[in-house]
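Reproduced below: target22.cif, with mmCIF, C-alpha atoms.
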data_query
#
loop_
_atom_site.group_PDB
_atom_site.id
_atom_site.type_symbol
_atom_site.label_atom_id
_atom_site.label_comp_id
_atom_site.auth_asym_id
_atom_site.auth_seq_id
_atom_site.Cartn_x
_atom_site.Cartn_y
_atom_site.Cartn_z
ATOM 1 C CA MET A 58 34.958 -1.142 -26.199
ATOM 2 C CA TYR A 59 33.775 -4.665 -25.448
ATOM 3 C CA THR A 60 30.556 -6.522 -26.099
ATOM 4 C CA PRO A 61 29.471 -8.781 -23.235
ATOM 5 C CA VAL A 62 28.205 -12.200 -24.295
ATOM 6 C CA ALA A 63 27.137 -13.771 -20.989
ATOM 7 C CA THR A 64 27.299 -13.666 -17.209
ATOM 8 C CA LYS A 65 28.513 -16.702 -15.259
ATOM 9 C CA ILE A 66 27.055 -18.023 -12.015
ATOM 10 C CA ALA A 67 28.035 -21.179 -10.170
ATOM 11 C CA PHE A 68 26.147 -23.673 -8.053
ATOM 12 C CA GLY A 69 27.332 -26.615 -5.999
ATOM 13 C CA GLU A 70 30.768 -27.600 -4.827
ATOM 14 C CA ASN A 71 32.816 -24.806 -6.418
ATOM 15 C CA PRO A 72 31.369 -21.850 -4.491
ATOM 16 C CA LYS A 73 30.905 -24.008 -1.385
ATOM 17 C CA ASN A 74 34.579 -24.979 -1.383
ATOM 18 C CA CYS A 75 35.811 -21.527 -2.362
ATOM 19 C CA TYR A 76 33.943 -19.593 0.309
ATOM 20 C CA GLY A 77 33.111 -22.284 2.857
ATOM 21 C CA GLY A 78 36.763 -23.194 3.182
ATOM 22 C CA ASN A 79 37.406 -19.638 4.336
ATOM 23 C CA GLU A 80 34.391 -19.713 6.646
ATOM 24 C CA LYS A 81 32.539 -17.207 4.508
ATOM 25 C CA THR A 82 29.093 -17.373 3.017
ATOM 26 C CA PRO A 83 27.890 -19.179 0.936
ATOM 27 C CA GLN A 84 28.662 -22.495 2.587
ATOM 28 C CA THR A 85 25.508 -24.306 1.456
ATOM 29 C CA ARG A 86 23.465 -24.694 -1.709
ATOM 30 C CA MET A 87 20.639 -22.759 -0.063
ATOM 31 C CA ALA A 88 22.965 -19.837 0.628
ATOM 32 C CA ILE A 89 24.222 -19.850 -2.978
ATOM 33 C CA ALA A 90 20.672 -19.583 -4.317
ATOM 34 C CA ALA A 91 19.781 -16.922 -1.734
ATOM 35 C CA LEU A 92 22.763 -14.737 -2.664
ATOM 36 C CA ILE A 93 22.031 -14.995 -6.375
ATOM 37 C CA ARG A 94 18.392 -14.046 -5.797
ATOM 38 C CA GLU A 95 19.368 -11.194 -3.470
ATOM 39 C CA ASN A 96 21.768 -9.655 -5.962
ATOM 40 C CA LEU A 97 19.370 -10.029 -8.879
ATOM 41 C CA ARG A 98 16.601 -8.406 -6.836
ATOM 42 C CA LYS A 99 18.818 -5.501 -5.788
ATOM 43 C CA ALA A 100 20.026 -5.099 -9.373
ATOM 44 C CA GLN A 101 16.402 -5.013 -10.560
ATOM 45 C CA GLU A 102 15.579 -2.283 -8.019
ATOM 46 C CA TYR A 103 18.683 -0.381 -9.134
ATOM 47 C CA LEU A 104 17.599 -0.643 -12.776
ATOM 48 C CA ASP A 105 14.040 0.411 -11.907
ATOM 49 C CA ASP A 106 15.376 3.523 -10.162
ATOM 50 C CA ILE A 107 17.533 4.397 -13.177
ATOM 51 C CA GLU A 108 14.633 4.021 -15.580
ATOM 52 C CA LYS A 109 12.339 6.027 -13.298
ATOM 53 C CA SER A 110 14.834 8.904 -13.108
ATOM 54 C CA GLN A 111 15.159 8.856 -16.912
ATOM 55 C CA LEU A 112 11.396 8.825 -17.372
ATOM 56 C CA GLU A 113 10.966 11.759 -15.016
ATOM 57 C CA GLU A 114 14.089 13.457 -16.426
ATOM 58 C CA ASP A 115 15.339 13.966 -12.898
ATOM 59 C CA ASP A 116 19.022 13.102 -12.453
ATOM 60 C CA ALA A 117 18.747 13.777 -8.733
ATOM 61 C CA LYS A 118 16.720 10.584 -8.378
ATOM 62 C CA LYS A 119 19.275 8.520 -10.246
ATOM 63 C CA PRO A 120 20.944 6.011 -7.869
ATOM 64 C CA GLU A 121 24.649 6.162 -7.124
ATOM 65 C CA TYR A 122 26.658 4.149 -9.640
ATOM 66 C CA ASN A 123 27.088 0.521 -8.566
ATOM 67 C CA MET A 124 29.447 -1.557 -10.689
ATOM 68 C CA LYS A 125 28.076 -4.900 -9.467
ATOM 69 C CA TYR A 126 24.484 -4.065 -10.320
ATOM 70 C CA GLU A 127 25.497 -2.450 -13.603
ATOM 71 C CA SER A 128 27.044 -5.759 -14.657
ATOM 72 C CA LEU A 129 23.693 -7.486 -14.123
ATOM 73 C CA ILE A 130 21.614 -5.051 -16.181
ATOM 74 C CA PRO A 131 22.289 -6.872 -19.513
ATOM 75 C CA VAL A 132 21.121 -10.086 -17.808
ATOM 76 C CA LEU A 133 17.924 -8.508 -16.496
ATOM 77 C CA LYS A 134 17.223 -6.993 -19.917
ATOM 78 C CA ARG A 135 17.737 -10.418 -21.537
ATOM 79 C CA GLU A 136 20.539 -9.000 -23.663
ATOM 80 C CA VAL A 137 22.911 -11.772 -22.537
ATOM 81 C CA PRO A 138 22.255 -15.175 -20.956
ATOM 82 C CA LEU A 139 23.055 -16.259 -17.442
ATOM 83 C CA LYS A 140 25.417 -19.233 -17.767
ATOM 84 C CA ALA A 141 24.769 -21.557 -14.847
ATOM 85 C CA HIS A 142 27.560 -23.887 -13.743
ATOM 86 C CA ALA A 143 25.455 -26.840 -12.590
ATOM 87 C CA HIS A 144 26.383 -30.518 -12.445
ATOM 88 C CA ARG A 145 23.707 -31.997 -10.194
ATOM 89 C CA VAL A 146 20.016 -32.235 -10.995
ATOM 90 C CA ASP A 147 19.006 -30.114 -8.007
ATOM 91 C CA ASP A 148 21.428 -27.353 -9.016
ATOM 92 C CA MET A 149 20.127 -27.337 -12.581
ATOM 93 C CA PHE A 150 16.566 -26.862 -11.405
ATOM 94 C CA THR A 151 17.536 -24.218 -8.870
ATOM 95 C CA ALA A 152 19.036 -22.298 -11.800
ATOM 96 C CA ILE A 153 15.852 -22.821 -13.813
ATOM 97 C CA ARG A 154 13.640 -21.579 -10.973
ATOM 98 C CA ILE A 155 15.732 -18.426 -10.613
ATOM 99 C CA ALA A 156 15.680 -17.835 -14.380
ATOM 100 C CA LYS A 157 11.898 -18.121 -14.400
ATOM 101 C CA GLU A 158 11.534 -15.883 -11.348
ATOM 102 C CA PHE A 159 13.443 -13.034 -13.014
ATOM 103 C CA ASP A 160 12.528 -13.886 -16.639
ATOM 104 C CA LEU A 161 16.135 -14.438 -17.684
ATOM 105 C CA LYS A 162 17.877 -16.156 -20.542
ATOM 106 C CA LEU A 163 19.717 -19.200 -19.201
ATOM 107 C CA THR A 164 22.135 -21.883 -20.313
ATOM 108 C CA LEU A 165 22.788 -25.037 -18.306
ATOM 109 C CA ASP A 166 26.550 -25.505 -18.388
ATOM 110 C CA HIS A 167 28.024 -28.967 -17.612
ATOM 111 C CA CYS A 168 24.630 -30.650 -17.124
ATOM 112 C CA THR A 169 26.472 -33.707 -15.819
ATOM 113 C CA GLU A 170 23.331 -35.411 -14.528
ATOM 114 C CA GLY A 171 21.173 -34.316 -17.442
ATOM 115 C CA HIS A 172 20.696 -37.905 -18.591
ATOM 116 C CA LEU A 173 18.756 -38.542 -15.367
ATOM 117 C CA VAL A 174 16.069 -35.927 -16.129
ATOM 118 C CA VAL A 175 15.700 -35.995 -19.899
ATOM 119 C CA ASP A 176 11.942 -35.411 -20.029
ATOM 120 C CA GLU A 177 12.125 -32.478 -17.625
ATOM 121 C CA LEU A 178 14.904 -30.799 -19.602
ATOM 122 C CA ILE A 179 12.913 -31.224 -22.811
ATOM 123 C CA GLU A 180 9.929 -29.565 -21.139
ATOM 124 C CA GLU A 181 11.997 -26.651 -19.814
ATOM 125 C CA GLY A 182 13.731 -26.029 -23.142
ATOM 126 C CA TYR A 183 16.913 -24.280 -21.978
ATOM 127 C CA PRO A 184 20.184 -24.697 -23.945
ATOM 128 C CA ILE A 185 22.231 -27.687 -22.779
ATOM 129 C CA LEU A 186 26.046 -27.528 -22.696
ATOM 130 C CA VAL A 187 27.554 -30.901 -21.759
ATOM 131 C CA GLY A 188 31.096 -31.263 -20.480
ATOM 132 C CA PRO A 189 33.857 -31.484 -19.589
ATOM 133 C CA SER A 190 33.473 -35.249 -19.790
ATOM 134 C CA LEU A 191 37.157 -36.038 -20.403
ATOM 135 C CA THR A 192 38.079 -35.415 -16.781
ATOM 136 C CA GLU A 193 38.267 -37.110 -13.412
ATOM 137 C CA ARG A 194 35.492 -37.318 -10.847
ATOM 138 C CA SER A 195 37.226 -34.676 -8.760
ATOM 139 C CA LYS A 196 34.239 -33.920 -6.514
ATOM 140 C CA ILE A 197 31.152 -35.675 -5.195
ATOM 141 C CA GLU A 198 28.776 -33.954 -7.603
ATOM 142 C CA LEU A 199 30.570 -35.667 -10.520
ATOM 143 C CA ARG A 200 29.766 -39.186 -9.342
ATOM 144 C CA ASN A 201 27.336 -39.662 -12.256
ATOM 145 C CA LEU A 202 29.770 -38.336 -14.864
ATOM 146 C CA THR A 203 29.507 -40.339 -18.102
ATOM 147 C CA PHE A 204 30.224 -39.914 -21.801
ATOM 148 C CA GLU A 205 26.701 -41.193 -22.462
ATOM 149 C CA THR A 206 25.013 -37.963 -21.306
ATOM 150 C CA ALA A 207 25.371 -36.043 -24.579
ATOM 151 C CA GLY A 208 24.073 -38.933 -26.671
ATOM 152 C CA ILE A 209 21.103 -39.633 -24.408
ATOM 153 C CA LEU A 210 20.012 -35.985 -24.468
ATOM 154 C CA SER A 211 20.649 -35.587 -28.192
ATOM 155 C CA ASN A 212 18.893 -38.831 -29.127
ATOM 156 C CA ASN A 213 15.824 -37.560 -27.277
ATOM 157 C CA GLY A 214 15.640 -34.452 -29.433
ATOM 158 C CA LEU A 215 17.605 -31.868 -27.448
ATOM 159 C CA ASN A 216 20.091 -29.607 -29.229
ATOM 160 C CA VAL A 217 23.248 -30.312 -27.252
ATOM 161 C CA CYS A 218 26.523 -28.387 -27.192
ATOM 162 C CA LEU A 219 29.776 -30.062 -26.174
ATOM 163 C CA ILE A 220 32.231 -28.072 -24.078
ATOM 164 C CA THR A 221 35.651 -28.773 -22.534
ATOM 165 C CA ASP A 222 35.582 -26.039 -19.865
ATOM 166 C CA HIS A 223 39.021 -24.996 -21.102
ATOM 167 C CA PRO A 224 41.571 -25.231 -19.547
ATOM 168 C CA VAL A 225 40.050 -28.050 -17.446
ATOM 169 C CA THR A 226 40.246 -30.035 -20.670
ATOM 170 C CA PRO A 227 42.255 -28.066 -23.258
ATOM 171 C CA ILE A 228 40.123 -26.825 -26.158
ATOM 172 C CA GLN A 229 42.228 -28.708 -28.739
ATOM 173 C CA TYR A 230 40.698 -31.934 -27.410
ATOM 174 C CA LEU A 231 37.138 -30.876 -28.267
ATOM 175 C CA PRO A 232 37.005 -33.084 -31.419
ATOM 176 C CA LEU A 233 38.301 -35.985 -29.321
ATOM 177 C CA CYS A 234 35.541 -35.405 -26.755
ATOM 178 C CA ALA A 235 33.009 -35.436 -29.584
ATOM 179 C CA GLY A 236 34.489 -38.679 -30.898
ATOM 180 C CA ILE A 237 34.190 -40.340 -27.491
ATOM 181 C CA ALA A 238 30.591 -39.112 -27.223
ATOM 182 C CA ILE A 239 29.916 -40.806 -30.583
ATOM 183 C CA LYS A 240 31.475 -44.019 -29.255
ATOM 184 C CA HIS A 241 29.014 -43.833 -26.352
ATOM 185 C CA GLY A 242 25.875 -43.377 -28.410
ATOM 186 C CA MET A 243 25.759 -39.880 -29.887
ATOM 187 C CA LYS A 244 25.059 -39.720 -33.625
ATOM 188 C CA GLU A 245 28.024 -38.420 -35.628
ATOM 189 C CA GLU A 246 26.017 -35.668 -37.326
ATOM 190 C CA LYS A 247 24.690 -34.489 -33.964
ATOM 191 C CA ALA A 248 28.205 -34.490 -32.488
ATOM 192 C CA LEU A 249 29.360 -32.252 -35.330
ATOM 193 C CA GLU A 250 26.430 -29.905 -34.717
ATOM 194 C CA ALA A 251 27.307 -29.928 -31.003
ATOM 195 C CA ILE A 252 30.672 -28.266 -31.674
ATOM 196 C CA THR A 253 29.610 -26.014 -34.573
ATOM 197 C CA ILE A 254 26.104 -24.699 -35.246
ATOM 198 C CA ASN A 255 24.543 -25.450 -31.845
ATOM 199 C CA PRO A 256 27.005 -23.369 -29.798
ATOM 200 C CA ALA A 257 26.834 -20.655 -32.477
ATOM 201 C CA LYS A 258 23.066 -20.485 -31.921
ATOM 202 C CA VAL A 259 23.486 -20.334 -28.153
ATOM 203 C CA LEU A 260 25.945 -17.455 -28.551
ATOM 204 C CA GLY A 261 23.680 -15.692 -31.023
ATOM 205 C CA ILE A 262 26.300 -15.667 -33.784
ATOM 206 C CA ASP A 263 24.858 -18.378 -36.039
ATOM 207 C CA ASN A 264 24.247 -15.724 -38.708
ATOM 208 C CA ARG A 265 28.030 -15.515 -39.059
ATOM 209 C CA VAL A 266 29.510 -18.920 -38.175
ATOM 210 C CA GLY A 267 28.591 -22.498 -37.296
ATOM 211 C CA SER A 268 27.764 -23.850 -40.761
ATOM 212 C CA ILE A 269 28.918 -23.523 -44.347
ATOM 213 C CA GLU A 270 26.416 -21.222 -46.047
ATOM 214 C CA VAL A 271 26.460 -18.333 -48.501
ATOM 215 C CA GLY A 272 26.896 -15.055 -46.658
ATOM 216 C CA LYS A 273 28.588 -16.461 -43.575
ATOM 217 C CA ASP A 274 32.220 -15.986 -42.557
ATOM 218 C CA ALA A 275 34.395 -18.346 -44.589
ATOM 219 C CA ASP A 276 36.004 -20.053 -41.594
ATOM 220 C CA ILE A 277 36.666 -23.660 -42.574
ATOM 221 C CA VAL A 278 38.929 -26.490 -41.450
ATOM 222 C CA ILE A 279 39.817 -29.243 -43.919
ATOM 223 C CA TRP A 280 40.996 -32.596 -42.550
ATOM 224 C CA ASP A 281 42.687 -35.599 -44.135
ATOM 225 C CA ASN A 282 40.226 -37.955 -42.395
ATOM 226 C CA ASN A 283 37.233 -37.953 -40.079
ATOM 227 C CA PRO A 284 37.942 -35.136 -37.569
ATOM 228 C CA PHE A 285 36.678 -37.341 -34.741
ATOM 229 C CA GLU A 286 39.417 -39.925 -35.365
ATOM 230 C CA ILE A 287 42.456 -39.395 -33.170
ATOM 231 C CA ASN A 288 44.941 -39.912 -36.029
ATOM 232 C CA SER A 289 43.337 -37.290 -38.296
ATOM 233 C CA ASN A 290 45.295 -34.195 -39.261
ATOM 234 C CA VAL A 291 44.324 -30.683 -40.283
ATOM 235 C CA LEU A 292 45.329 -29.974 -43.881
ATOM 236 C CA TYR A 293 44.062 -26.413 -44.162
ATOM 237 C CA THR A 294 42.650 -23.765 -41.832
ATOM 238 C CA ILE A 295 40.776 -21.011 -43.647
ATOM 239 C CA ILE A 296 39.650 -17.778 -41.938
ATOM 240 C CA ASP A 297 37.582 -15.198 -43.815
ATOM 241 C CA GLY A 298 38.354 -17.088 -47.007
ATOM 242 C CA LYS A 299 42.137 -16.875 -46.531
ATOM 243 C CA ILE A 300 44.387 -19.848 -45.875
ATOM 244 C CA VAL A 301 46.096 -19.190 -42.530
ATOM 245 C CA TYR A 302 47.488 -22.707 -42.056
ATOM 246 C CA LYS A 303 48.592 -25.342 -44.520
ATOM 247 C CA LYS A 304 50.164 -28.632 -43.581
ATOM 248 C CA ILE A 305 53.517 -28.922 -45.274
#
Rewrite the coordinates I just gave you, this time as structure tokens.
Amino acid sequence: MYTPVATKIAFGENPKNCYGGNEKTPQTRMAIAALIRENLRKAQEYLDDIEKSQLEEDDAKKPEYNMKYESLIPVLKREVPLKAHAHRVDDMFTAIRIAKEFDLKLTLDHCTEGHLVVDELIEEGYPILVGPSLTERSKIELRNLTFETAGILSNNGLNVCLITDHPVTPIQYLPLCAGIAIKHGMKEEKALEAITINPAKVLGIDNRVGSIEVGKDADIVIWDNNPFEINSNVLYTIIDGKIVYKKI
């Protein structure tokens, strides 16, 4: 048995290149948004029919099982967030409009141009996941990529998470990404929160991990120096209170 934690959607160049290159829809940003809306609407109708058949206790009215729409039910019920791959400002706000239309939980993943619309993002209040920043400008929508984004958003009061989009940037370089964000204006304490308690809150597991508190899982890493310094080393890794790694 598995417990779903989120559903991923993508805007911008990735779906355009993936499908457009094969001359399939969606080939435009408008088509991407239209397909997402269409599938959410059909999934909502599917869910409504299921709930109606249960209410009337009439299995004959229950719709035929549809795996695609079943996968969207936790999203529609706000049990898991919709994680929106969005680099550009227009893509971020397309995701926000769709989330509002269907009353969904949403996270803005990448948020590459977030520093251009700080006030608007504060007003909207959706979780911000910045990264990967330690990467090339491999497509047009990354032209405004900068390590300053996380600091600008954080310094304006937003709770930012830092991500590497592993394996785009391997996860072991997450502390390095945080260190570079600090170099470009992010406060050190906020950078630490961005790779610990903030993502734990977004995932809904901050009652277990993300900070050192009584009652939480005893998962701790002990370093010989500031973890954001490139020459720092892990001395101990502790999971559930047991030492699972010790530097010899």
Worksheet item: How many Å separate atom CA of A:Leu92 from atom CA of A:Leu104?
Response: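 It comes out at 18.1 Å.
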Kindly resolve the PyMOL selection byres ((chain A and resi 234) around 8) on the present coordinates and return the residues as a PDB file with C-alpha atoms, keeping the file's coordinate frame.
ATOM      1  CA  SER A 190      33.473 -35.249 -19.790  1.00  0.00           C
ATOM      2  CA  LEU A 191      37.157 -36.038 -20.403  1.00  0.00           C
ATOM      3  CA  LEU A 219      29.776 -30.062 -26.174  1.00  0.00           C
ATOM      4  CA  THR A 221      35.651 -28.773 -22.534  1.00  0.00           C
ATOM      5  CA  TYR A 230      40.698 -31.934 -27.410  1.00  0.00           C
ATOM      6  CA  LEU A 231      37.138 -30.876 -28.267  1.00  0.00           C
ATOM      7  CA  PRO A 232      37.005 -33.084 -31.419  1.00  0.00           C
ATOM      8  CA  LEU A 233      38.301 -35.985 -29.321  1.00  0.00           C
ATOM      9  CA  ALA A 235      33.009 -35.436 -29.584  1.00  0.00           C
ATOM     10  CA  GLY A 236      34.489 -38.679 -30.898  1.00  0.00           C
ATOM     11  CA  ILE A 237      34.190 -40.340 -27.491  1.00  0.00           C
ATOM     12  CA  ALA A 238      30.591 -39.112 -27.223  1.00  0.00           C
TER      13      ALA A 238
END
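When atom CA of A:Leu186 is paired with atom CA of A:Arg200, their separation reads 18.1 Å.
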Contacts of stretch 207-292 of chain A with stretch 122-139 of chain A up to 12 Å, shortest pair per row, all atoms listed in the file, as JSON lines:
{"residue": "A:Val259", "atom": "CA", "partner": "A:Pro138", "partner_atom": "CA", "distance": 8.9}
{"residue": "A:Leu260", "atom": "CA", "partner": "A:Pro138", "partner_atom": "CA", "distance": 8.7}
{"residue": "A:Gly261", "atom": "CA", "partner": "A:Val137", "partner_atom": "CA", "distance": 9.4}
I need the residue set behind the PyMOL selection byres ((chain A and resi 275) around 7) for this file; please write it as a compact mmCIF listing (two decimals) with C-alpha atoms, in the coordinates of the input.
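This went into part_8.txt:
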# COMPACT_ATOMS: atom_id res chain seq x y z
CA LYS A 273 28.59 -16.46 -43.58
CA ASP A 274 32.22 -15.99 -42.56
CA ASP A 276 36.00 -20.05 -41.59
CA ILE A 277 36.67 -23.66 -42.57
CA ILE A 295 40.78 -21.01 -43.65
CA ILE A 296 39.65 -17.78 -41.94
CA ASP A 297 37.58 -15.20 -43.82
CA GLY A 298 38.35 -17.09 -47.01
Worksheet item: Of the candidates A:Ala257, A:Leu249, A:Leu210, A:Ile228, which one gets nearest to A:Asn283 if we count only C-alpha atoms?
Response: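 Nearest candidate to A:Asn283 out of A:Ala257, A:Leu249, A:Leu210, A:Ile228: A:Leu249.
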Discussion item. Counting only C-alpha atoms, find residues at most 12 Å from (26.3, -25.9, -11.7) (file frame) and give them as JSON, numbers by chain.
Written reply: {"A": [65, 66, 67, 68, 69, 70, 71, 72, 73, 86, 89, 90, 139, 140, 141, 142, 143, 144, 145, 146, 147, 148, 149, 150, 151, 152, 153, 164, 165, 166, 167, 168, 169, 170, 171, 185, 186, 187, 188, 198, 199]}
Worksheet item: Suppose you want the space between atom CA of A:Ile300 and atom CA of A:Val266; what is it in Å?
Response: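 So the answer is 16.8 Å.
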Pick out the residues sitting within 7 Å of stretch 115-121 of chain A, and hand them over as an mmCIF file with C-alpha atoms, in the frame of the given file; count only C-alpha atoms, and ignore anything fewer than 4 positions along from it in its own chain.
data_model
loop_
_atom_site.group_PDB
_atom_site.id
_atom_site.type_symbol
_atom_site.label_atom_id
_atom_site.label_comp_id
_atom_site.auth_asym_id
_atom_site.auth_seq_id
_atom_site.Cartn_x
_atom_site.Cartn_y
_atom_site.Cartn_z
ATOM 1 C CA TYR A 103 18.683 -0.381 -9.134
ATOM 2 C CA ASP A 106 15.376 3.523 -10.162
ATOM 3 C CA ILE A 107 17.533 4.397 -13.177
ATOM 4 C CA SER A 110 14.834 8.904 -13.108
ATOM 5 C CA GLN A 111 15.159 8.856 -16.912
#
Worksheet entry | Explicit residues for the PyMOL selection byres ((chain A and resi 302) around 9) (as a ChimeraX atom specification) | /A:291-295,300-301,303-304
To test the calculation: enclose all listed atoms of stretch 160-179 of chain A in a box whose edges run along x, y and z, add 8 Å on each side, then state centre and edge lengths in Å to one decimal, as JSON.
{"center_x": 20.0, "center_y": -26.2, "center_z": -18.7, "size_x": 32.1, "size_y": 40.7, "size_z": 24.3}
Worksheet item: Using all atoms listed in the file, which residues sit within 12 Å of A:Gly242 once same-chain residues fewer than 6 positions away are excluded, as a count of residues only?
Response: 14
Fill in: For A:Asn255: contacts at 8 Å, all atoms listed in the file, fewer than 5 positions along chain excluded, given as a list in words
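Skipping anything fewer than 5 positions along the chain leaves Asn216, Val217, Cys218, Glu250 and Gly267 of chain A.
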Worksheet entry | Test item: residues at most 8 Å from A:Ile179, only C-alpha atoms, excluding those fewer than 4 positions along its chain, as number ranges by chain | A: 175, 214-215
Discussion item. For a quick check of understanding, using only C-alpha atoms, which of A:Val271, A:Leu97, A:Ala63, A:Met87 has the smallest distance to A:Asp160?
Written reply: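 Using only C-alpha atoms, the shortest distance to A:Asp160 belongs to A:Leu97.
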